[in-house]
Structure formats: C-alpha cells, structure tokens
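Beneath this line is the structure, given in structure tokens, with notes to follow.
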Amino acid sequence: MELKNTIWLQLFLLLNLLILSNCQSTDRVDENLRIIEKLSGLEGVEFITESGDTLYRQSFKLMIEQPLDHNKPNGEKFMQKVYLSHLDLNRPVVFSINGYNVNNNRISELSNFINANQIYVEHRFFGESKPGNYDWNYLNIEQAAADHHRIIQLLKKIYKGKWVSTGISKGGQATIYHRYFYPEDVDASLAYVAPLCFSAQEPRMFNFLKSVGTKECRARIIRFQTMLLENKDKIMPEFIANAEKRGYAFNFLGGIEKAYEYAVLEYVFAFWQWQNLRCDEIPENISEPTQIIEHMEKVDCISFFTDETVNYFRPFFYQALTEIGVYTYNTESFAGLLEYATHPDFNFTMPVGIEAKFNDTLMHSINKWLQNESENFIYIYGEYDPWSAPAVQLIEGKTNALKMVKPKGSHRTRIASFYEDQQKQIADSLNKWLSE
C-alpha cells in the first residue's frame with residue numbers, strides 16, 4: 001500500500017511539473033511575441049532576432065534611424081546600431097553606452113548585477129553607425145547625447161520601469177555627457193574609469209605618472225625607456241622585423257623611426273593603464289632585442305600607432321583633440337635622446353584637412369554640474385590607471401554621488417574588482433535610487 005501511494009505521489013508531482021513547465025514555456029513564447037510586436041510598432045526601427053545570452057529570453061539587433069544633426073530632425077539621417085537583450089517587461093533597463101564600435105552584443109557587468117534588460121549602443125561615426133556624409137562637425141558630445149536621448153525615448157514606450165545608464169572609459173564619458181544634457185532620462189548612472197579632461201595635452205597626467213606606484217618601479221620604467229632610446233641602433237632591427245611580421249604600417253605617424261620613439265614614450269602610460277605585467281618583469285638589459293620587443297607588445301605600446309589603429313580610433317582622436325581631451329608625453333627625462341618625437345602629440349590622427357582646435361568650455365560646464373547638481377551617480381576608478389588623474393572630483397555634501405577607487409586598480413577596474421562590503425555599498429546605492 002505504501003509503495004502504491006509513493007508511485008501515485010511521484011506521478012502526481014510529475015504531472016504538475018509538466019503542466020508548470022508547459023505554462024512557463026507558453027509564457028515565454030507569449031513574452032517573446034509581445035516584445036516583437038512592440039518593436040514592430042516603433043517608427044524608424046529595423047530589427048532582427050539574435051542568438052541570446054542565457055540570462056535573457058530574447059536578443060535583437062536594432063538599427064535605429066537618427067538625424068545627423070538633431071537640430072535639423074528632417075535633414076540627413078543615418079542608422080545607429082543597438083543591441084537589445086530582453087528579460088522581462090517589468091524589470092529595470094541598463095542603458096549601456098559604448099564609446100566606440102560594437103562588434104557583437106555584450107552583456108555588461110551591471111546588467112547581471114541588477115538582473116536587468118539591457119540596451120547596448122554603438123557610438124555615432126563608429127562601426128555600422130556611420131553617416132553617408134562624413135561631416136566631422138556632427139561628431140560632438142551634444143549630438144551623441146541626443147542620439148542616446150532619442151533611443152531612450154523610443155524604448156521607454158516598451159520598458160516603463162527604472163533605467164540605469166552605464167559605460168566604460170569613453171563610454172563612461174558619454175554616460176556623463178548624456179546625463180548633463182538629459183538629466184531626467186534615467187534614474188541612475190554608473191560610469192567606469194571615465195576621465196574628465198580639460199585639455200588635449202592633459203597636464204594632470206604628467207604629475208600622476210611622477211607619483212604612481214612605488215619609487216622603485218617608476219625608476220625602473222625610466223631606466224628601461226632610457227635604455228631603449230640609448231640603444232636604438234641595436235633594437236631597431238628587431239622593431240622593424242616585428243612590424244613586418246605583424247603587418248604594421250606607420251604612415252599616418254610619419255614612419256617607423258618616429259613610431260619607435262612614440263612607442264617608448266607610450267610605454268609608461270600603457271604599463272600603468274593595463275598593468276599587463278609586473279614591475280619586476282621589466283627588462284634590465286638589452287642582451288635579447290627580440291625579448292625586448294615581445295615585452296613591449298605585452299605592455300601594448302606599439303600597435304597603438306599603426307595605421308590600422310589610427311583608422312579604427314580616428315573618431316575618438318577627433319573628439320579627444322576637439323572636446324573630450326587626451327594626454328601627451330613628458331619628454332623631460334629624455335633630453336637629447338629623441339630625434340623624431342621632440343614635441344609629441346596626437347595631431348597626426350586627425351582627418352585630412354581638419355585642424356585640431358580644442359575647446360574646454362563645455363568640459364568645465366559639465367564639471368560644475370557634476371559637482372553641484374548631478375544626483376544618483378556612481379564613479380568607479382582604478383588607483384594606478386593614468387585616466388584616474390583627471391577623474392571626476394566631487395565636493396563633499398553637494399550631491400549624493402558615490403566615487404569608488406580600487407587600490408592599485410587599472411583601467412580594467414569594475415564592480416567585481418572591489419571587496420564584498422564595497423560591492424554591497426554600490427548595490428545599496430543603486431537599490432535605494434531605483435526604489436525611490
């Protein structure tokens with residue numbers, strides 16, 4: 001009798017499980033149909049279904065029509081690429097801004113962190129989001145912010161809940177700029193490793209690199225750079241061989257000799273930005289030129305100056321040299337050792353026929369707003385990342401913004417980089433802002 005009851009109980013549980021599973025499957029199909037129907041109703045939006053992440057019910061690639069000039073909405077248009085990862089119509093939305101091109105859908109750390117739908121946006125003038133009329137005057141932070149505003153307004157017709165914007169590096173900068181122009185578009189923002197520069201040759205970088213890390217490590221880096229410049233004739237053949245092997249060309253910069261010196265100057269910045277290697281791994285002699293070049297490749301200070309990289313990043317360089325700022329190199333430690341890079345800058349990256357003219361007015365206005373008016377912001381930085389030198393500087397008591405700096409952190413610093421109690425601090429702030 002007991003055995004029969006057990007069998008009947010198992011059958012009953014199995015039947016209920018099948019019914020529940022079928023209901024969930026039906027709900028999933030219905031939800032997918034609902035989101036497709038809603039996307040179909042958006043004007044100026046084309047979309048295709050993409051293979052989704054395991055976290056999401058469905059993913060889509062969207063191409064959204066945008067005005068080249070938002071001040072003339074009926075003028076020339078271009079299509080902007082956006083990825084939508086759909087979880088639930090009632091969940092929050094993470095609006096993830098990429099400052100560059102987007103090759104594929106990438107689920108952000110923040111989307112996982114708060115279990116949210118995600119909208120992942122490619123920046124104008126990058127990737128597939130390029131206008132037919134490549135008028136560089138329309139590549140500015142106000143026009144890009146208007147792109148992001150329009151996307152949010154369109155997709156808020158579908159997602160009625162809370163919104164959080166986020167971005168990394170240049171995407172983090174774009175996140176800040178968007179909130180400056182459209183502070184009510186989202187409920188909170190998290191900007192990762194986002195500098196706020198006031199110059200195309202940001203001087204705060206110089207002082208930062210004179211004090212970052214330990215005195216011993218900084219001295220070892222200077223010795224290595226000096227050794228490279230003093231022994232250029234011995235290392236240059238391997239530098240040329242490496243360029244030929246990897247297909248590097250340096251025509252925009254002005255040739256391989258100049259590229260060698262720029263790579264030496266970039267070394268210190270790249271070393272601290274990425275921290276791909278430890279200080280004790282920096283070579284102390286030039287007995288093996290091949291290993292020297294391999295070391296420089298691991299630090300990632302050579303390919304940055306190739307024609308391929310310049311072409312890829314040219315929209316960034318244009319913005320950096322006109323509005324959002326960038327760094328240059330301090331050459332005082334290498335007096336008499338430089339022949340081609342005596343006055344280094346990034347002007348060689350500019351589009352043909354366009355002169356770099358930096359205007360810092362808007363950056364100072366944004367800084368004033370961030371310090372005195374912006375609310376519900378989290379800024380994340382790495383202590384050893386040179387981009388932290390021009391980090392957002394908050395005024396205590398002015399806003400509720402939270403700034404987190406990871407000790408010894410790099411440009412790769414994320415929420416997961418922090419200890420659990422610090423992650424909880426971030427989570428508590430987001431939960432508070434999203435529940436208000």
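Ordered as shown in the structure tokens, chains take letters A, B, and onward, while each chain numbers its residues from 1 and ligands are numbered from 1 in the order shown.
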
Subject >> Spatial neighbours of Arg218 of chain A, max dist 12 Å, only C-alpha atoms, sep filter under 2 positions, as a list in words >> reply: Phe208, Leu209, Lys210, Ser211, Val212, Gly213, Thr214, Lys215, Glu216, Arg220, Ile221, Ile222, Arg223, Phe224, Gln225, Tyr267, Val268, Phe269, Phe271, Trp272, Arg278, Cys279, Asp280, Ile282, Ser333 and Tyr384 of chain A

As a short mmCIF file (atom, residue, chain, number, x, y, z; two decimals) with N, CA and C atoms, in the first residue's frame, please: the residues near Leu338 of chain A (cut-off 8 Å, only C-alpha atoms, same-chain neighbours under 3 positions excluded).
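Just written: result20.cif:
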data_model
loop_
_atom_site.label_atom_id
_atom_site.label_comp_id
_atom_site.auth_asym_id
_atom_site.auth_seq_id
_atom_site.Cartn_x
_atom_site.Cartn_y
_atom_site.Cartn_z
N LEU A 229 66.08 54.12 -25.83
CA LEU A 229 66.48 55.26 -26.65
C LEU A 229 67.99 55.30 -26.87
N GLU A 261 60.09 55.84 -31.31
CA GLU A 261 60.20 56.79 -30.20
C GLU A 261 58.85 57.01 -29.52
N PHE A 334 64.22 62.59 -21.08
CA PHE A 334 64.93 62.02 -22.23
C PHE A 334 65.57 63.11 -23.10
N ALA A 335 66.03 64.15 -22.43
CA ALA A 335 66.67 65.27 -23.16
C ALA A 335 67.86 64.77 -23.97
N ALA A 341 60.47 62.59 -31.94
CA ALA A 341 59.32 62.85 -31.06
C ALA A 341 59.66 63.91 -30.02
N THR A 342 60.31 64.97 -30.46
CA THR A 342 60.72 66.02 -29.52
C THR A 342 59.52 66.83 -29.02
#

Original post:
Just how far from atom CA of His123 of chain A is atom CA of Ser303 of chain A, in Å to one decimal?
Top reply: 22.7 Å

Original post:
If you count only C-alpha atoms, which residues fall within 8 Å of segment 171-188 of chain A, apart from same-chain ones fewer than 3 positions away, as number ranges by chain?
Top reply: A: 97-100, 141-142, 144-146, 148-149, 152-153, 162-168, 191-196, 366, 369-370, 374-377, 430, 433-434

Go ahead and write the residues just picked, C-alpha atoms, as a tab-separated table (two decimals), in the first residue's frame.
chain	number	residue	atom	x	y	z
A	97	ILE	CA	26.80	53.16	-23.94
A	98	ASN	CA	29.85	52.07	-25.92
A	99	GLY	CA	32.15	54.93	-26.87
A	100	TYR	CA	33.38	53.08	-29.95
A	141	ILE	CA	29.19	65.15	-27.43
A	142	GLU	CA	25.94	67.11	-27.71
A	144	ALA	CA	25.89	61.91	-29.41
A	145	ALA	CA	23.92	62.69	-26.23
A	146	ALA	CA	20.91	63.48	-28.42
A	148	HIS	CA	21.16	58.39	-26.71
A	149	HIS	CA	18.22	60.51	-25.61
A	152	ILE	CA	15.80	56.01	-24.64
A	153	GLN	CA	12.62	57.87	-25.51
A	162	LYS	CA	13.56	52.13	-13.87
A	163	TRP	CA	16.53	52.94	-16.10
A	164	VAL	CA	20.25	52.98	-15.33
A	165	SER	CA	22.88	54.24	-17.78
A	166	THR	CA	26.45	52.99	-17.80
A	167	GLY	CA	29.61	52.94	-19.89
A	168	ILE	CA	33.30	52.13	-19.69
A	191	ALA	CA	30.49	55.49	-15.14
A	192	TYR	CA	33.56	53.26	-15.19
A	193	VAL	CA	37.11	54.69	-15.47
A	194	ALA	CA	35.80	57.85	-17.15
A	195	PRO	CA	38.17	60.85	-17.22
A	196	LEU	CA	37.03	64.45	-17.33
A	366	ILE	CA	29.93	69.65	-17.19
A	369	TRP	CA	27.19	70.47	-12.99
A	370	LEU	CA	28.63	67.16	-11.78
A	374	SER	CA	24.09	65.78	-10.55
A	375	GLU	CA	22.37	63.10	-8.48
A	376	ASN	CA	22.38	59.30	-8.41
A	377	PHE	CA	25.86	58.85	-9.91
A	430	LEU	CA	21.59	51.52	-6.71
A	433	TRP	CA	17.86	55.10	-6.09
A	434	LEU	CA	15.88	52.56	-8.09

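Counting only C-alpha atoms and comparing A:His295, A:Lys424, A:His70, A:Lys156, the residue that lies closest to Asn140 of chain A is A:His70.
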
Original post:
Which residues, written as a VMD selection string, have at least one atom at most 12 Å from Lys72 of chain A, with only C-alpha atoms counted and residues fewer than 4 positions away on the same chain left out?
Top reply: chain A and resid 66 to 68 76 to 77 138 143 146

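The coordinates place atom CA of Asp30 of chain A at 19.1 Å from atom CA of Leu42 of chain A.
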
Original post:
Which polymer residues have any atom within 12 Å of an atom of segment 394-405 of chain A, counting only C-alpha atoms, with same-chain residues fewer than 4 positions away left out, as a ChimeraX atom specification?
Top reply: /A:188-194,196,367-385,388-390,409-415,417-419,422-423,425-430,432-433

Could those selected residues go to a file with C-alpha atoms, as a compact mmCIF listing (two decimals), in the first residue's frame?
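Written out: again-v5.txt:
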# COMPACT_ATOMS: atom_id res chain seq x y z
CA ALA A 188 20.84 56.46 -12.01
CA SER A 189 24.20 56.22 -13.77
CA LEU A 190 27.41 54.26 -13.27
CA ALA A 191 30.49 55.49 -15.14
CA TYR A 192 33.56 53.26 -15.19
CA VAL A 193 37.11 54.69 -15.47
CA ALA A 194 35.80 57.85 -17.15
CA LEU A 196 37.03 64.45 -17.33
CA ASN A 367 32.38 69.56 -14.29
CA LYS A 368 30.47 72.31 -12.48
CA TRP A 369 27.19 70.47 -12.99
CA LEU A 370 28.63 67.16 -11.78
CA GLN A 371 29.99 68.73 -8.62
CA ASN A 372 26.93 70.79 -7.71
CA GLU A 373 23.78 69.35 -9.25
CA SER A 374 24.09 65.78 -10.55
CA GLU A 375 22.37 63.10 -8.48
CA ASN A 376 22.38 59.30 -8.41
CA PHE A 377 25.86 58.85 -9.91
CA ILE A 378 28.48 56.19 -9.19
CA TYR A 379 32.04 56.65 -10.48
CA ILE A 380 34.48 53.74 -10.49
CA TYR A 381 38.25 54.19 -10.96
CA GLY A 382 41.50 52.27 -10.60
CA GLU A 383 44.15 53.95 -8.46
CA TYR A 384 47.06 53.18 -10.82
CA ASP A 385 45.18 53.96 -14.04
CA SER A 388 42.22 58.47 -12.99
CA ALA A 389 44.40 61.59 -12.89
CA PRO A 390 41.60 63.64 -14.49
CA GLY A 409 43.49 49.18 -9.78
CA SER A 410 43.91 49.53 -13.55
CA HIS A 411 41.70 50.67 -16.43
CA ARG A 412 40.03 47.26 -16.11
CA THR A 413 38.56 48.09 -12.69
CA ARG A 414 34.92 47.01 -12.36
CA ILE A 415 32.39 46.37 -9.57
CA SER A 417 37.22 44.29 -8.55
CA PHE A 418 36.13 45.52 -5.12
CA TYR A 419 35.72 43.66 -1.84
CA GLN A 422 32.33 47.73 -1.16
CA GLN A 423 30.21 45.88 -3.72
CA GLN A 425 27.85 49.74 -0.88
CA ILE A 426 27.41 50.06 -4.65
CA ALA A 427 24.40 47.72 -4.62
CA ASP A 428 22.77 49.57 -1.71
CA SER A 429 23.10 52.91 -3.51
CA LEU A 430 21.59 51.52 -6.71
CA LYS A 432 17.94 52.97 -2.96
CA TRP A 433 17.86 55.10 -6.09

**OP:** For each of A:Ser129, A:Asn311, A:Tyr262, A:Asn105, take the minimum atom-to-atom distance to Glu65 of chain A, counting only C-alpha atoms, then give the residue where this is smallest.
**Re:** A:Ser129

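Pairwise distance (atom CA of Phe95 of chain A, atom CA of Gln275 of chain A) equals 28.7 Å.
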
**OP:** Just list the residues in segment 28-215 of chain A DSSP gives strand (DSSP E) on the backbone, as number ranges by chain.
**Re:** A: 45-50, 58-67, 77-86, 93-97, 117-121, 163-168, 188-192

**OP:** Would you mind listing what lies within 10 Å of Glu31 of chain A as a list in words, with only C-alpha atoms counted and same-chain residues fewer than 5 positions away left out?
**Re:** Ser25, Thr26, Ile36, Glu37, Arg57, Gln58, His86, Leu87, Asp88 and Leu89 of chain A
